[in-house]
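Peer 1: I have a structure here, written as structure tokens, and I will follow up with some questions on it.
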Amino acid sequence: MKDDAGARKSAAESPADRSGADRLAPLPKPDLKSARSRSKKLGLGPGQKVILMCMDRKTAKCASGKEMAAAWKHLKSRMKQWGLKSSKSNDSVRAMRVAVGCIGVCRGGPIMAVMPDGLWYGSCTPQVIDRILKEHVIDGRPVTSHLISPIDLA
Ligand code: FES
């Protein structure tokens, strides 16, 4: 049972009070015209697959810098060859690749993820990348042999 002071405090604190949302300064009016135009050219939007790849070549813990570079180059080439690049694709399958820094896995790389599916792959050699693009990105079937997360699908 709450005493009167506790009851008053609970009643006075709304969720916005606790998060501090009511104390935030108003946002300036954004000028996003150029960013929106560029995003449109890139084909960004719903239904698009985003392929993330660890390209932390400085620390190169999950794979050698050479392996990462080869995987990245191969991914670029295949996406173009198979018409997956978002800005060029007229098909229902659209994708873009994004190089990211260390994800924290730091072994068994090159590490790659397909979003928004939330599936992470390891040992992404050019041969494995081909399978991931064909089987997962295009056909919607994860390549379970190279999944590192979630492992219950592997
Ligand atoms: S260096 Fe690639 S995941 Fe850490």
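Chain labels A, B, ... are given in the sequence in which chains occur in the structure tokens; within each chain residues are numbered consecutively from 1, and ligands are likewise numbered from 1 in the order shown.
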List as a count of residues only the protein and nucleic acid residues near A:Ala69, meaning an atom at most 10 Å away when only C-alpha atoms are counted, but skip any in the same chain fewer than 6 places from it.
Peer 2: 6
Peer 1: Could you give me the residues within 9 Å of ligand 1, counting only C-alpha atoms and all ligand atoms, as a PDB file with C-alpha atoms, in the first residue's frame?
Peer 2:
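Produced file out_8.pdb, reproduced below:
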ATOM      1  CA  MET A  53      29.063  -6.858 -44.508  1.00  0.00           C
ATOM      2  CA  CYS A  54      31.799  -6.393 -41.938  1.00  0.00           C
ATOM      3  CA  MET A  55      34.518  -4.447 -43.657  1.00  0.00           C
ATOM      4  CA  ASP A  56      36.645  -3.654 -40.645  1.00  0.00           C
ATOM      5  CA  ARG A  57      39.850  -4.212 -42.532  1.00  0.00           C
ATOM      6  CA  LYS A  58      41.866  -2.282 -39.974  1.00  0.00           C
ATOM      7  CA  THR A  59      41.410  -4.862 -37.224  1.00  0.00           C
ATOM      8  CA  ALA A  60      40.468  -7.679 -39.627  1.00  0.00           C
ATOM      9  CA  LYS A  61      39.602 -10.108 -36.873  1.00  0.00           C
ATOM     10  CA  CYS A  62      36.787 -12.074 -38.514  1.00  0.00           C
ATOM     11  CA  ALA A  63      38.692 -12.503 -41.767  1.00  0.00           C
ATOM     12  CA  SER A  64      41.774 -11.099 -43.408  1.00  0.00           C
ATOM     13  CA  MET A  68      36.938  -9.001 -46.859  1.00  0.00           C
ATOM     14  CA  VAL A 100      29.864  -1.747 -41.781  1.00  0.00           C
ATOM     15  CA  GLY A 101      32.552  -1.772 -39.134  1.00  0.00           C
ATOM     16  CA  CYS A 102      33.204  -4.558 -36.685  1.00  0.00           C
ATOM     17  CA  ILE A 103      29.984  -6.221 -35.601  1.00  0.00           C
ATOM     18  CA  GLY A 104      31.636  -7.909 -32.625  1.00  0.00           C
ATOM     19  CA  VAL A 105      31.611 -11.483 -33.895  1.00  0.00           C
ATOM     20  CA  CYS A 106      35.271 -11.250 -34.919  1.00  0.00           C
ATOM     21  CA  ARG A 107      35.689 -14.834 -36.102  1.00  0.00           C
ATOM     22  CA  GLY A 108      34.464 -17.051 -38.890  1.00  0.00           C
ATOM     23  CA  GLY A 109      34.146 -14.258 -41.429  1.00  0.00           C
ATOM     24  CA  PRO A 110      33.687 -12.563 -43.667  1.00  0.00           C
ATOM     25  CA  ILE A 111      30.463 -11.807 -41.793  1.00  0.00           C
TER      26      ILE A 111
END
Peer 1: If you run DSSP on the backbone, which residues of stretch 37-99 of chain A are strand (DSSP E), as a list in words?
Peer 2: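 Taking stretch 37-99 of chain A and keeping strand (DSSP E) only, one gets Gln48, Lys49, Val50, Ile51, Leu52, Met53, Cys54, Arg94, Ala95, Met96, Arg97, Val98 and Ala99 of chain A.
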Peer 1: Using C-alpha atoms, can you export the residues from the last selection as a compact mmCIF listing (two decimals), in the first residue's frame?
Peer 2:
# COMPACT_ATOMS: atom_id res chain seq x y z
CA GLN A 48 14.29 -3.78 -50.12
CA LYS A 49 16.87 -6.19 -48.77
CA VAL A 50 19.87 -4.59 -47.12
CA ILE A 51 23.02 -6.67 -47.11
CA LEU A 52 25.47 -5.72 -44.39
CA MET A 53 29.06 -6.86 -44.51
CA CYS A 54 31.80 -6.39 -41.94
CA ARG A 94 15.72 -5.15 -54.72
CA ALA A 95 18.81 -5.01 -52.57
CA MET A 96 21.61 -2.75 -51.53
CA ARG A 97 24.90 -3.50 -49.83
CA VAL A 98 26.32 -1.58 -46.93
CA ALA A 99 29.84 -1.92 -45.56
Peer 1: What does the distance from atom CA of A:Leu119 to atom CA of A:Arg131 come to in Å, to one decimal?
Peer 2: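 Taking atom CA of A:Leu119 and atom CA of A:Arg131, their separation equals 14.1 Å.
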Peer 1: Neighbouring residues of A:Ile138 were defined as those with any atom within 7 Å, considering only C-alpha atoms; residues of the same chain fewer than 4 positions away were excluded. Please report them as a ChimeraX atom specification.
Peer 2: /A:93,133-134
Peer 1: Take the residues from that selection and put them in a file with C-alpha atoms, as a PDB file, in the first residue's frame.
Peer 2:
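The result, written out as part14.pdb:
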ATOM      1  CA  VAL A  93      13.776  -8.258 -55.582  1.00  0.00           C
ATOM      2  CA  LEU A 133      22.082 -14.099 -53.102  1.00  0.00           C
ATOM      3  CA  LYS A 134      20.385 -16.819 -55.149  1.00  0.00           C
TER       4      LYS A 134
END
Peer 1: Go through A:Gly122, A:Val137, A:Ala35, A:Lys40 and flag the residue nearest A:Gly83, using only C-alpha atoms for the distances.
Peer 2: A:Val137
Peer 1: Where in chain A does DSSP assign helix (DSSP H, G or I), given as an MDAnalysis selection string?
Peer 2: chainID A and resid 4:12 15:19 21:23 33:42 65:81 126:138 144:146 151:153
Peer 1: Any idea what the distance is between atom CA of A:Leu147 and atom CA of A:His74?
Peer 2: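 One can read the atom CA of A:Leu147 to atom CA of A:His74 distance as 19.2 Å.
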Peer 1: As an exercise, work out the distance from atom CA of A:Pro150 to atom CA of A:Trp120 in Å and give it to one decimal place.
Peer 2: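 Between atom CA of A:Pro150 and atom CA of A:Trp120 the gap works out to 7.2 Å.
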